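Note: the block below is target.csv and it holds CSV, C-alpha atoms.
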```csv
chain,number,residue,atom,x,y,z
G,1,MET,CA,34.7,63.5,73.8
G,2,ALA,CA,33.8,66.6,72.1
G,3,GLY,CA,37.1,67.0,70.3
G,4,LYS,CA,37.0,63.5,68.9
G,5,LYS,CA,35.8,63.3,65.3
G,6,ARG,CA,33.5,60.6,64.1
G,7,LYS,CA,34.7,58.7,61.1
G,8,SER,CA,32.5,59.2,58.1
G,9,THR,CA,31.2,56.3,56.1
G,10,SER,CA,33.0,57.8,53.1
G,11,ASP,CA,36.4,57.1,54.6
G,12,LYS,CA,35.8,53.4,54.9
G,13,HIS,CA,37.1,51.2,52.1
G,14,PRO,CA,34.1,50.1,49.9
G,15,LYS,CA,33.6,46.3,49.5
G,16,HIS,CA,34.3,44.9,46.0
G,17,ARG,CA,31.0,43.9,44.3
G,18,LEU,CA,30.5,42.1,41.0
G,19,PRO,CA,28.2,43.5,38.3
G,20,LEU,CA,24.7,42.3,38.4
G,21,GLY,CA,25.1,40.0,35.3
G,22,ALA,CA,28.3,38.5,36.5
G,23,ASP,CA,26.9,37.9,39.9
G,24,ALA,CA,24.0,35.9,38.4
G,25,ASP,CA,26.4,33.8,36.3
G,26,ALA,CA,28.3,32.9,39.4
G,27,VAL,CA,25.2,31.7,41.1
G,28,ALA,CA,24.2,29.6,38.1
G,29,ASP,CA,27.7,28.1,37.9
G,30,ALA,CA,27.5,27.1,41.6
G,31,ALA,CA,24.1,25.5,41.0
G,32,LYS,CA,25.4,23.5,38.1
G,33,ARG,CA,28.3,22.2,40.1
G,34,ARG,CA,25.9,21.1,42.8
G,35,ARG,CA,23.7,19.3,40.3
G,36,SER,CA,26.6,17.7,38.5
G,37,GLY,CA,27.9,16.4,41.8
G,38,ALA,CA,24.5,14.9,42.7
G,39,ALA,CA,24.2,13.4,39.2
G,40,LYS,CA,27.6,11.7,39.4
G,41,LYS,CA,26.7,10.4,42.8
G,42,HIS,CA,23.4,9.0,41.5
G,43,GLN,CA,25.1,7.4,38.5
G,44,ALA,CA,27.7,5.8,40.7
G,45,GLU,CA,25.0,4.3,42.9
G,46,GLU,CA,23.2,2.9,39.9
G,47,GLU,CA,26.4,1.4,38.5
G,48,ALA,CA,27.1,-0.2,41.8
G,49,SER,CA,23.6,-1.7,42.0
G,50,ILE,CA,23.8,-3.4,38.5
G,51,PRO,CA,25.5,-6.8,38.7
G,52,SER,CA,28.5,-7.4,36.5
G,53,SER,CA,26.8,-10.3,34.8
G,54,LEU,CA,23.8,-8.1,33.7
G,55,SER,CA,26.2,-5.5,32.4
G,56,ALA,CA,28.0,-8.0,30.3
G,57,LYS,CA,24.7,-9.3,28.9
G,58,ILE,CA,23.6,-5.8,28.0
G,59,LEU,CA,26.9,-5.2,26.2
G,60,ARG,CA,26.5,-8.4,24.3
G,61,GLU,CA,23.0,-7.5,23.2
G,62,ALA,CA,24.1,-4.1,22.1
G,63,LEU,CA,27.0,-5.6,20.1
G,64,ASN,CA,24.6,-8.1,18.4
G,65,GLN,CA,22.2,-5.3,17.4
G,66,GLN,CA,25.1,-3.2,16.0
G,67,GLN,CA,26.3,-6.2,14.0
G,68,GLU,CA,22.8,-6.8,12.6
G,69,GLU,CA,22.5,-3.2,11.5
G,70,THR,CA,25.9,-3.3,9.9
G,71,LEU,CA,24.9,-6.5,7.9
G,72,ALA,CA,21.7,-4.9,6.8
G,73,GLU,CA,23.5,-1.8,5.6
G,74,SER,CA,26.1,-3.8,3.8
G,75,ARG,CA,23.4,-5.9,2.0
G,76,ASP,CA,21.7,-2.8,0.7
G,77,GLN,CA,25.1,-1.4,-0.4
G,78,GLN,CA,25.8,-4.7,-2.3
G,79,LEU,CA,22.4,-4.5,-4.0
G,80,SER,CA,23.0,-0.9,-5.1
G,81,ALA,CA,26.6,-1.7,-6.1
G,82,ALA,CA,25.5,-4.7,-8.2
G,83,ALA,CA,23.2,-2.5,-10.3
G,84,PRO,CA,25.0,-1.1,-13.4
G,85,PRO,CA,24.8,2.7,-14.2
G,86,VAL,CA,21.3,3.7,-15.1
G,87,PRO,CA,21.1,3.6,-18.9
G,88,TYR,CA,19.1,6.0,-21.0
G,89,SER,CA,16.0,3.7,-21.0
G,90,PHE,CA,15.9,3.8,-17.1
G,91,PRO,CA,15.3,7.5,-16.3
G,92,VAL,CA,15.3,8.4,-12.6
G,93,PRO,CA,12.6,10.9,-11.8
G,94,SER,CA,13.9,14.4,-11.1
G,95,ASN,CA,11.1,15.3,-8.7
G,96,GLY,CA,12.1,12.8,-6.0
G,97,GLY,CA,12.1,15.2,-3.1
G,98,GLU,CA,11.0,15.1,0.5
G,99,GLU,CA,7.7,13.5,-0.3
G,100,GLY,CA,9.3,10.5,-1.9
G,101,ASP,CA,11.6,10.1,1.0
G,102,GLU,CA,8.7,10.0,3.4
G,103,ASP,CA,7.0,7.3,1.3
G,104,GLU,CA,10.1,5.2,1.4
G,105,ASP,CA,10.3,5.6,5.1
G,106,ASP,CA,6.7,4.5,5.5
G,107,VAL,CA,7.5,1.4,3.3
G,108,ASP,CA,10.5,0.5,5.4
G,109,GLU,CA,8.6,0.8,8.7
G,110,PHE,CA,6.2,-2.0,7.7
G,111,ASP,CA,5.8,-4.5,10.5
G,112,GLY,CA,4.1,-7.2,8.5
G,113,PHE,CA,0.7,-8.9,8.7
G,114,ASP,CA,-0.3,-12.1,10.5
G,115,ALA,CA,-0.1,-15.0,8.0
G,116,GLN,CA,-3.4,-16.4,9.4
G,117,SER,CA,-5.3,-13.1,9.1
G,118,GLU,CA,-8.1,-12.8,6.6
G,119,TYR,CA,-10.0,-9.9,5.2
G,120,GLU,CA,-11.9,-7.8,7.8
G,121,GLY,CA,-15.4,-9.1,6.8
G,122,GLY,CA,-14.6,-12.7,7.8
G,123,VAL,CA,-15.5,-15.6,5.5
G,124,PRO,CA,-18.6,-14.6,3.5
G,125,GLU,CA,-21.6,-16.9,3.6
G,126,ILE,CA,-22.5,-17.9,0.1
G,127,ASP,CA,-25.9,-19.4,-0.7
G,128,GLU,CA,-25.6,-22.4,-3.0
G,129,GLU,CA,-28.8,-21.6,-4.8
G,130,ASP,CA,-27.8,-18.0,-5.6
G,131,GLU,CA,-24.4,-19.3,-6.8
G,132,LYS,CA,-26.1,-21.8,-9.2
G,133,ALA,CA,-28.4,-19.0,-10.5
G,134,LEU,CA,-25.4,-16.7,-11.1
G,135,ALA,CA,-23.5,-19.5,-12.8
G,136,ALA,CA,-26.1,-19.6,-15.5
G,137,PHE,CA,-25.0,-16.1,-16.6
G,138,MET,CA,-21.2,-16.8,-16.5
G,139,SER,CA,-19.0,-17.6,-19.4
G,140,LYS,CA,-17.7,-21.2,-19.6
G,141,ASP,CA,-13.9,-21.1,-19.9
G,142,ASN,CA,-10.9,-23.0,-18.6
G,143,SER,CA,-9.1,-20.1,-17.0
G,144,SER,CA,-9.1,-21.8,-13.6
G,145,LYS,CA,-6.9,-24.6,-15.0
G,146,ARG,CA,-4.1,-22.2,-15.8
G,147,THR,CA,-1.5,-21.5,-13.2
G,148,LEU,CA,-1.1,-18.0,-11.6
G,149,GLY,CA,2.2,-17.6,-13.3
G,150,ASP,CA,0.7,-18.3,-16.7
G,151,ILE,CA,-2.1,-15.8,-16.1
G,152,ILE,CA,0.3,-13.0,-15.0
G,153,LEU,CA,2.7,-13.7,-17.8
G,154,ASP,CA,0.0,-13.6,-20.4
G,155,LYS,CA,-1.4,-10.3,-19.1
G,156,ILE,CA,2.1,-8.7,-19.1
G,157,ARG,CA,2.8,-9.9,-22.6
G,158,GLN,CA,-0.6,-8.6,-23.8
G,159,LYS,CA,0.1,-5.2,-22.3
G,160,ASP,CA,3.6,-5.2,-23.8
G,161,ALA,CA,2.1,-6.0,-27.2
G,162,GLU,CA,-0.2,-3.0,-26.8
G,163,VAL,CA,2.7,-0.8,-25.9
G,164,SER,CA,4.8,-2.0,-28.9
G,165,THR,CA,2.0,-1.0,-31.2
G,166,GLU,CA,2.2,2.5,-29.9
G,167,GLY,CA,5.7,2.9,-31.4
G,168,GLN,CA,8.0,1.8,-28.6
G,169,THR,CA,10.5,-0.8,-29.3
G,170,PRO,CA,11.3,-3.6,-26.8
G,171,ILE,CA,14.5,-3.3,-24.8
G,172,LYS,CA,17.1,-6.0,-24.1
G,173,LEU,CA,18.2,-5.9,-20.5
G,174,ASP,CA,21.8,-6.1,-19.3
G,175,ASN,CA,22.8,-9.4,-17.7
G,176,ASN,CA,23.7,-7.6,-14.4
G,177,VAL,CA,20.2,-6.2,-14.3
G,178,VAL,CA,18.7,-9.6,-14.9
G,179,GLU,CA,20.7,-11.2,-12.1
G,180,LEU,CA,20.0,-8.3,-9.7
G,181,TYR,CA,16.2,-8.4,-10.1
G,182,LYS,CA,16.1,-12.2,-10.0
G,183,GLY,CA,17.8,-11.9,-6.6
G,184,VAL,CA,15.2,-9.3,-5.6
G,185,GLY,CA,12.5,-11.7,-6.6
G,186,GLU,CA,13.9,-14.4,-4.4
G,187,PHE,CA,13.9,-12.0,-1.5
G,188,LEU,CA,10.3,-10.9,-2.1
G,189,SER,CA,9.2,-14.5,-2.2
G,190,ARG,CA,10.0,-14.9,1.5
G,191,TYR,CA,9.5,-11.3,2.6
G,192,THR,CA,7.4,-10.8,5.8
G,193,SER,CA,8.4,-7.4,7.2
G,194,GLY,CA,11.1,-4.7,7.3
G,195,LYS,CA,12.9,-2.9,4.5
G,196,ILE,CA,12.3,-3.4,0.8
G,197,PRO,CA,15.5,-3.5,-1.4
G,198,LYS,CA,16.3,-0.1,-2.9
G,199,ALA,CA,16.6,-1.7,-6.4
G,200,PHE,CA,12.9,-2.6,-6.2
G,201,LYS,CA,11.9,0.9,-5.1
G,202,ARG,CA,13.5,2.2,-8.4
G,203,ILE,CA,11.3,0.1,-10.6
G,204,PRO,CA,8.4,2.6,-10.9
G,205,SER,CA,10.8,5.2,-12.4
G,206,PHE,CA,11.9,2.9,-15.2
G,207,GLU,CA,10.5,3.4,-18.6
G,208,PHE,CA,10.3,-0.4,-19.2
G,209,TRP,CA,9.3,-1.2,-15.7
G,210,ALA,CA,7.0,-4.2,-16.7
G,211,GLU,CA,10.0,-6.1,-18.2
G,212,VAL,CA,12.0,-5.5,-15.1
G,213,LEU,CA,9.1,-6.4,-12.8
G,214,GLN,CA,8.7,-9.7,-14.7
G,215,LEU,CA,12.2,-10.7,-13.7
G,216,THR,CA,11.1,-10.7,-10.0
G,217,GLN,CA,8.4,-13.4,-10.7
G,218,PRO,CA,5.5,-11.6,-9.1
G,219,GLU,CA,3.5,-14.9,-8.9
G,220,ASN,CA,5.9,-16.1,-6.2
G,221,TRP,CA,5.8,-12.9,-4.0
G,222,SER,CA,4.6,-13.3,-0.5
G,223,PRO,CA,1.3,-11.6,0.3
G,224,ASN,CA,3.1,-9.0,2.4
G,225,ALA,CA,5.5,-8.3,-0.5
G,226,LEU,CA,2.5,-7.7,-2.8
G,227,TYR,CA,1.0,-5.3,-0.3
G,228,GLN,CA,4.3,-3.3,-0.2
G,229,ALA,CA,4.5,-3.4,-4.0
G,230,THR,CA,1.0,-2.1,-4.3
G,231,ARG,CA,1.7,0.8,-1.9
G,232,LEU,CA,4.9,1.7,-3.8
G,233,PHE,CA,3.4,1.4,-7.3
G,234,SER,CA,0.1,3.1,-6.5
G,235,SER,CA,1.8,6.2,-5.1
G,236,ASN,CA,4.7,6.5,-7.6
G,237,MET,CA,3.1,5.6,-10.9
G,238,ASN,CA,0.7,7.4,-13.1
G,239,ALA,CA,-2.8,6.1,-13.6
G,240,LYS,CA,-2.0,4.3,-16.9
G,241,ASN,CA,0.8,2.3,-15.5
G,242,ALA,CA,-1.1,1.6,-12.3
G,243,VAL,CA,-3.9,0.0,-14.4
G,244,ARG,CA,-1.3,-2.3,-15.9
G,245,PHE,CA,0.0,-3.3,-12.5
G,246,TYR,CA,-3.4,-3.9,-11.0
G,247,ASP,CA,-4.8,-5.9,-14.0
G,248,ALA,CA,-1.7,-8.0,-14.6
G,249,ILE,CA,-0.4,-8.7,-11.1
G,250,LEU,CA,-2.8,-7.7,-8.3
G,251,LEU,CA,-6.1,-8.9,-9.7
G,252,PRO,CA,-4.9,-12.4,-10.7
G,253,ARG,CA,-3.2,-12.9,-7.4
G,254,VAL,CA,-6.3,-11.9,-5.4
G,255,ARG,CA,-8.6,-14.1,-7.4
G,256,ASN,CA,-6.2,-17.1,-7.1
G,257,ASP,CA,-6.0,-16.7,-3.3
G,258,ILE,CA,-9.8,-16.6,-3.0
G,259,ARG,CA,-10.2,-19.6,-5.3
G,260,GLN,CA,-7.6,-21.7,-3.4
G,261,ASN,CA,-8.4,-20.7,0.2
G,262,LYS,CA,-12.1,-19.6,0.0
G,263,ARG,CA,-11.0,-16.4,1.7
G,264,LEU,CA,-8.5,-13.6,1.1
G,265,HIS,CA,-5.3,-13.1,3.0
G,266,PHE,CA,-5.4,-9.9,5.1
G,267,ALA,CA,-2.3,-8.5,3.3
G,268,LEU,CA,-4.0,-8.9,-0.1
G,269,TYR,CA,-7.1,-7.3,1.2
G,270,GLN,CA,-5.1,-4.3,2.4
G,271,ALA,CA,-3.4,-4.2,-1.0
G,272,LEU,CA,-6.8,-3.9,-2.6
G,273,LYS,CA,-7.7,-1.0,-0.3
G,274,LYS,CA,-4.4,0.7,-1.1
G,275,SER,CA,-5.1,0.3,-4.9
G,276,LEU,CA,-8.1,2.6,-4.4
G,277,TYR,CA,-5.5,5.4,-3.9
G,278,LYS,CA,-6.1,5.9,-7.6
G,279,PRO,CA,-9.8,5.3,-8.1
G,280,ALA,CA,-9.8,5.5,-11.9
G,281,ALA,CA,-7.0,2.9,-12.0
G,282,PHE,CA,-8.8,0.7,-9.5
G,283,PHE,CA,-11.9,0.6,-11.7
G,284,LYS,CA,-10.0,0.1,-15.0
G,285,GLY,CA,-7.5,-2.4,-13.6
G,286,ILE,CA,-9.6,-4.3,-11.0
G,287,LEU,CA,-13.4,-3.9,-11.2
G,288,LEU,CA,-14.1,-3.7,-14.9
G,289,PRO,CA,-11.7,-6.5,-16.0
G,290,LEU,CA,-13.2,-8.7,-13.3
G,291,CYS,CA,-16.7,-8.2,-14.7
G,292,GLN,CA,-15.6,-8.3,-18.4
G,293,GLU,CA,-14.2,-11.8,-18.0
G,294,ARG,CA,-17.7,-12.9,-17.0
G,295,ASN,CA,-16.5,-15.6,-14.6
G,296,CYS,CA,-16.5,-13.6,-11.3
G,297,THR,CA,-17.9,-15.8,-8.5
G,298,LEU,CA,-20.2,-14.5,-5.8
G,299,ARG,CA,-17.5,-15.0,-3.2
G,300,GLU,CA,-15.1,-12.8,-5.2
G,301,ALA,CA,-17.8,-10.2,-5.7
G,302,VAL,CA,-18.6,-10.1,-1.9
G,303,ILE,CA,-14.9,-9.8,-0.9
G,304,ILE,CA,-13.8,-7.3,-3.5
G,305,GLY,CA,-17.1,-5.4,-3.1
G,306,SER,CA,-16.5,-4.9,0.6
G,307,ILE,CA,-13.7,-2.6,-0.5
G,308,ILE,CA,-16.2,-0.4,-2.4
G,309,GLN,CA,-18.5,-0.4,0.7
G,310,LYS,CA,-15.8,0.7,3.2
G,311,VAL,CA,-13.7,3.1,1.2
G,312,SER,CA,-14.8,6.6,0.3
G,313,ILE,CA,-14.8,7.1,-3.5
G,314,PRO,CA,-15.1,10.4,-5.3
G,315,PRO,CA,-18.7,10.7,-6.7
G,316,LEU,CA,-17.5,11.3,-10.3
G,317,HIS,CA,-15.4,8.2,-10.4
G,318,ALA,CA,-18.2,6.2,-8.8
G,319,SER,CA,-20.7,7.5,-11.4
G,320,ALA,CA,-18.4,6.6,-14.3
G,321,ALA,CA,-17.8,3.1,-12.9
G,322,LEU,CA,-21.6,2.6,-12.5
G,323,MET,CA,-22.3,3.6,-16.1
G,324,LYS,CA,-19.5,1.3,-17.4
G,325,LEU,CA,-20.9,-1.6,-15.4
G,326,ALA,CA,-24.4,-1.0,-16.7
G,327,GLU,CA,-23.1,-1.0,-20.3
G,328,LEU,CA,-21.2,-4.3,-19.9
G,329,GLU,CA,-22.6,-7.7,-20.9
G,330,TYR,CA,-24.4,-9.1,-17.9
G,331,CYS,CA,-22.6,-11.8,-16.0
G,332,GLY,CA,-24.6,-12.2,-12.7
G,333,THR,CA,-22.3,-10.6,-10.2
G,334,THR,CA,-22.4,-7.3,-12.1
G,335,SER,CA,-25.8,-6.7,-10.4
G,336,TYR,CA,-24.0,-7.0,-7.0
G,337,PHE,CA,-21.5,-4.2,-7.9
G,338,ILE,CA,-24.3,-2.0,-9.4
G,339,LYS,CA,-26.2,-2.4,-6.1
G,340,LEU,CA,-23.1,-1.4,-4.1
G,341,PHE,CA,-22.8,1.9,-6.0
G,342,LEU,CA,-26.5,2.7,-5.8
G,343,ASP,CA,-26.4,2.1,-2.0
G,344,LYS,CA,-23.7,4.8,-1.7
G,345,LYS,CA,-26.6,7.2,-2.5
G,346,TYR,CA,-24.5,9.6,-4.6
G,347,ALA,CA,-26.2,12.2,-6.7
G,348,LEU,CA,-26.0,10.6,-10.1
G,349,PRO,CA,-25.9,12.5,-13.4
G,350,TYR,CA,-28.9,11.8,-15.8
G,351,ARG,CA,-26.6,10.1,-18.3
G,352,VAL,CA,-25.7,7.5,-15.6
G,353,LEU,CA,-29.4,7.0,-14.7
G,354,ASP,CA,-30.2,6.5,-18.4
G,355,ALA,CA,-27.5,3.8,-18.7
G,356,VAL,CA,-28.8,2.0,-15.6
G,357,PHE,CA,-32.4,2.2,-16.8
G,358,ALA,CA,-31.4,0.8,-20.2
G,359,HIS,CA,-29.5,-2.0,-18.4
G,360,PHE,CA,-32.6,-3.2,-16.6
G,361,MET,CA,-34.9,-2.7,-19.6
G,362,GLY,CA,-32.7,-5.1,-21.5
G,363,PHE,CA,-34.1,-8.0,-19.4
G,364,LEU,CA,-37.7,-7.6,-20.5
G,365,ASP,CA,-37.5,-10.5,-22.8
G,366,GLU,CA,-35.2,-12.6,-20.6
G,367,GLU,CA,-36.7,-16.1,-20.1
G,368,ARG,CA,-34.2,-17.4,-17.6
G,369,ALA,CA,-34.9,-17.0,-13.9
G,370,MET,CA,-33.0,-14.0,-12.6
G,371,PRO,CA,-30.9,-14.4,-9.4
G,372,VAL,CA,-31.9,-12.7,-6.2
G,373,ILE,CA,-29.1,-10.1,-6.4
G,374,TRP,CA,-30.5,-8.9,-9.7
G,375,HIS,CA,-33.9,-8.1,-8.0
G,376,GLN,CA,-32.1,-6.4,-5.1
G,377,SER,CA,-30.2,-4.2,-7.5
G,378,LEU,CA,-33.4,-3.3,-9.3
G,379,LEU,CA,-35.0,-2.4,-6.0
G,380,ALA,CA,-32.1,-0.2,-5.1
G,381,PHE,CA,-32.3,1.6,-8.5
G,382,VAL,CA,-36.1,2.2,-8.1
G,383,GLU,CA,-35.5,3.6,-4.6
G,384,ARG,CA,-32.9,6.0,-6.0
G,385,LEU,CA,-35.0,6.9,-9.0
G,386,VAL,CA,-37.9,8.1,-6.8
G,387,ILE,CA,-35.7,11.0,-5.7
G,388,TYR,CA,-35.4,12.3,-9.2
G,389,VAL,CA,-39.1,11.9,-10.1
```
Exercise: express the given structure as structure tokens:
Amino acid sequence: MAGKKRKSTSDKHPKHRLPLGADADAVADAAKRRRSGAAKKHQAEEEASIPSSLSAKILREALNQQQEETLAESRDQQLSAAAPPVPYSFPVPSNGGEEGDEDEDDVDEFDGFDAQSEYEGGVPEIDEEDEKALAAFMSKDNSSKRTLGDIILDKIRQKDAEVSTEGQTPIKLDNNVVELYKGVGEFLSRYTSGKIPKAFKRIPSFEFWAEVLQLTQPENWSPNALYQATRLFSSNMNAKNAVRFYDAILLPRVRNDIRQNKRLHFALYQALKKSLYKPAAFFKGILLPLCQERNCTLREAVIIGSIIQKVSIPPLHASAALMKLAELEYCGTTSYFIKLFLDKKYALPYRVLDAVFAHFMGFLDEERAMPVIWHQSLLAFVERLVIYV
């Protein structure tokens, strides 16, 4: 009808609408409710599918693991509590930050080595004729008749005597400290893998660490324990103290293991590789003392020399070691180590070349038959010398 008015859209009541942000939140909440409902349903189905006997077994295993962790923590706390307050002679380093914590974590994550493993090169084949020829240039001593404990103790006392002459007075350890580290030594004698006692990790920070270390009886440590100790001491000690540790403990243990088993335990082989973390300390504490004693066997030279072959060594350190070897009194196996350094084909300073040249010139009047390895080292030197001519 013409007189009837049409209702305008403005007269209708507008529908209530949420703001755009609130509307999106409402949609998200609804989706969460749907997902949570589906997750609860899935969890209920899984719980229903697990037998009650299996659930009980899982709970028992979890409880056993929790008890083992609790016992381990309590043992560490007892070791820490048994230690007396750190006296003035046992300073704790102030720079023990995040880097030291990472090193301790790496030590604690050690899974152990196979007791039957040997060094990576296998058992070296030693020619009897070469060994007899080298024996003619070795010193005749009775060091092999001494026990490993006697050798380590003598070396530690010798180093202590050197330290005392430098003005430091010996220290008398507290009885609690003595008992604590004797217990640590018993633990290390049967150590295979896992965490190292915190009391042992503190030894590198002690001023008189050698006396404390002697209480643990290093000659009785397991091979894996010596590997862990080498990792700890090489990374937390200065080069001077690392030389003492290598010379007094690591080298005698390695030589004794080779002498008894005709091969080297894999953990000890890895300890030698770790000792090269400080090249100068390795040469002063392992290589040079080995040659200075003039009783290094060809088997020992091959096994220890394989470390030099496989590990990258800074050229300056290698050059210094080569010059020192050339200046030492000849002992047969010295030629083997000289050949190893020459085969690395480093650019050698003229001072080092002169020392090696003088080394070989010293044999012009030698009447004894030289071993094959001596001729091989001379050939390697001539090949290197051609480059400089």
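Of the listed residues (G:Ile286, G:Phe266, G:Leu180, G:Asn236), G:Ile286 comes nearest to Leu251 of chain G; the distances count all atoms listed in the file.
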Pairwise distance, atom CA of His317 of chain G with atom CA of Arg255 of chain G, equals 23.5 Å
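Shortest atom-to-atom contact with Gln376 of chain G among G:His359, G:Cys331, G:Ala347, G:Lys339: G:Lys339, counting all atoms listed in the file.
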query = What does the distance between atom CA of Ser234 of chain G and atom CA of Lys195 of chain G come to in Å, to one decimal place?
reply =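 Pair atom CA of Ser234 of chain G / atom CA of Lys195 of chain G returns 17.9 Å.
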Q) Do you know which residues are at most 12 Å from Phe381 of chain G counting all atoms listed in the file, after dropping those on the same chain fewer than 6 positions away, and could you put them as an MDAnalysis selection string? A) chainID G and resid 322 326 335 338:346 348 352:360 374:375 387:388
Atom CA of Ile196 of chain G to atom CA of Ile258 of chain G measures 26.0 Å
Go through G:Ser193, G:Thr334, G:Gln260, G:Ser319 one by one, measure the shortest atom-to-atom distance of each to Tyr350 of chain G using all atoms listed in the file, and give the residue with the smallest value.
->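 Among G:Ser193, G:Thr334, G:Gln260, G:Ser319, it is G:Ser319 that comes nearest to Tyr350 of chain G.
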What would segment 218-235 of chain G look like with N, CA and C atoms restored, written as a PDB file, in the coordinates of the input?
```
ATOM      1  N   PRO G 218       6.485 -12.094 -10.032  1.00  0.00           N
ATOM      2  CA  PRO G 218       5.500 -11.600  -9.100  1.00  0.00           C
ATOM      3  C   PRO G 218       4.539 -12.724  -8.568  1.00  0.00           C
ATOM      4  N   GLU G 219       4.373 -13.796  -9.336  1.00  0.00           N
ATOM      5  CA  GLU G 219       3.500 -14.900  -8.900  1.00  0.00           C
ATOM      6  C   GLU G 219       4.026 -15.579  -7.634  1.00  0.00           C
ATOM      7  N   ASN G 220       5.332 -15.410  -7.357  1.00  0.00           N
ATOM      8  CA  ASN G 220       5.900 -16.100  -6.200  1.00  0.00           C
ATOM      9  C   ASN G 220       6.093 -15.110  -4.996  1.00  0.00           C
ATOM     10  N   TRP G 221       5.712 -13.854  -5.136  1.00  0.00           N
ATOM     11  CA  TRP G 221       5.800 -12.900  -4.000  1.00  0.00           C
ATOM     12  C   TRP G 221       4.981 -13.389  -2.844  1.00  0.00           C
ATOM     13  N   SER G 222       5.442 -13.070  -1.661  1.00  0.00           N
ATOM     14  CA  SER G 222       4.600 -13.300  -0.500  1.00  0.00           C
ATOM     15  C   SER G 222       3.475 -12.292  -0.452  1.00  0.00           C
ATOM     16  N   PRO G 223       2.382 -12.572   0.263  1.00  0.00           N
ATOM     17  CA  PRO G 223       1.300 -11.600   0.300  1.00  0.00           C
ATOM     18  C   PRO G 223       1.738 -10.233   0.879  1.00  0.00           C
ATOM     19  N   ASN G 224       2.627 -10.243   1.878  1.00  0.00           N
ATOM     20  CA  ASN G 224       3.100  -9.000   2.400  1.00  0.00           C
ATOM     21  C   ASN G 224       3.937  -8.211   1.402  1.00  0.00           C
ATOM     22  N   ALA G 225       4.694  -8.944   0.572  1.00  0.00           N
ATOM     23  CA  ALA G 225       5.500  -8.300  -0.500  1.00  0.00           C
ATOM     24  C   ALA G 225       4.570  -7.636  -1.504  1.00  0.00           C
ATOM     25  N   LEU G 226       3.474  -8.302  -1.855  1.00  0.00           N
ATOM     26  CA  LEU G 226       2.500  -7.700  -2.800  1.00  0.00           C
ATOM     27  C   LEU G 226       1.870  -6.479  -2.228  1.00  0.00           C
ATOM     28  N   TYR G 227       1.586  -6.496  -0.944  1.00  0.00           N
ATOM     29  CA  TYR G 227       1.000  -5.300  -0.300  1.00  0.00           C
ATOM     30  C   TYR G 227       2.017  -4.142  -0.394  1.00  0.00           C
ATOM     31  N   GLN G 228       3.281  -4.395  -0.097  1.00  0.00           N
ATOM     32  CA  GLN G 228       4.300  -3.300  -0.200  1.00  0.00           C
ATOM     33  C   GLN G 228       4.440  -2.843  -1.615  1.00  0.00           C
ATOM     34  N   ALA G 229       4.408  -3.766  -2.584  1.00  0.00           N
ATOM     35  CA  ALA G 229       4.500  -3.400  -4.000  1.00  0.00           C
ATOM     36  C   ALA G 229       3.343  -2.501  -4.405  1.00  0.00           C
ATOM     37  N   THR G 230       2.144  -2.846  -3.940  1.00  0.00           N
ATOM     38  CA  THR G 230       1.000  -2.100  -4.300  1.00  0.00           C
ATOM     39  C   THR G 230       1.067  -0.649  -3.700  1.00  0.00           C
ATOM     40  N   ARG G 231       1.539  -0.545  -2.459  1.00  0.00           N
ATOM     41  CA  ARG G 231       1.700   0.800  -1.900  1.00  0.00           C
ATOM     42  C   ARG G 231       2.719   1.601  -2.693  1.00  0.00           C
ATOM     43  N   LEU G 232       3.803   0.957  -3.116  1.00  0.00           N
ATOM     44  CA  LEU G 232       4.900   1.700  -3.800  1.00  0.00           C
ATOM     45  C   LEU G 232       4.383   2.078  -5.233  1.00  0.00           C
ATOM     46  N   PHE G 233       3.745   1.165  -5.953  1.00  0.00           N
ATOM     47  CA  PHE G 233       3.400   1.400  -7.300  1.00  0.00           C
ATOM     48  C   PHE G 233       2.168   2.385  -7.411  1.00  0.00           C
ATOM     49  N   SER G 234       1.228   2.273  -6.489  1.00  0.00           N
ATOM     50  CA  SER G 234       0.100   3.100  -6.500  1.00  0.00           C
ATOM     51  C   SER G 234       0.399   4.594  -6.249  1.00  0.00           C
ATOM     52  N   SER G 235       1.426   4.820  -5.440  1.00  0.00           N
ATOM     53  CA  SER G 235       1.800   6.200  -5.100  1.00  0.00           C
ATOM     54  C   SER G 235       2.850   6.799  -5.968  1.00  0.00           C
TER      55      SER G 235
END
```
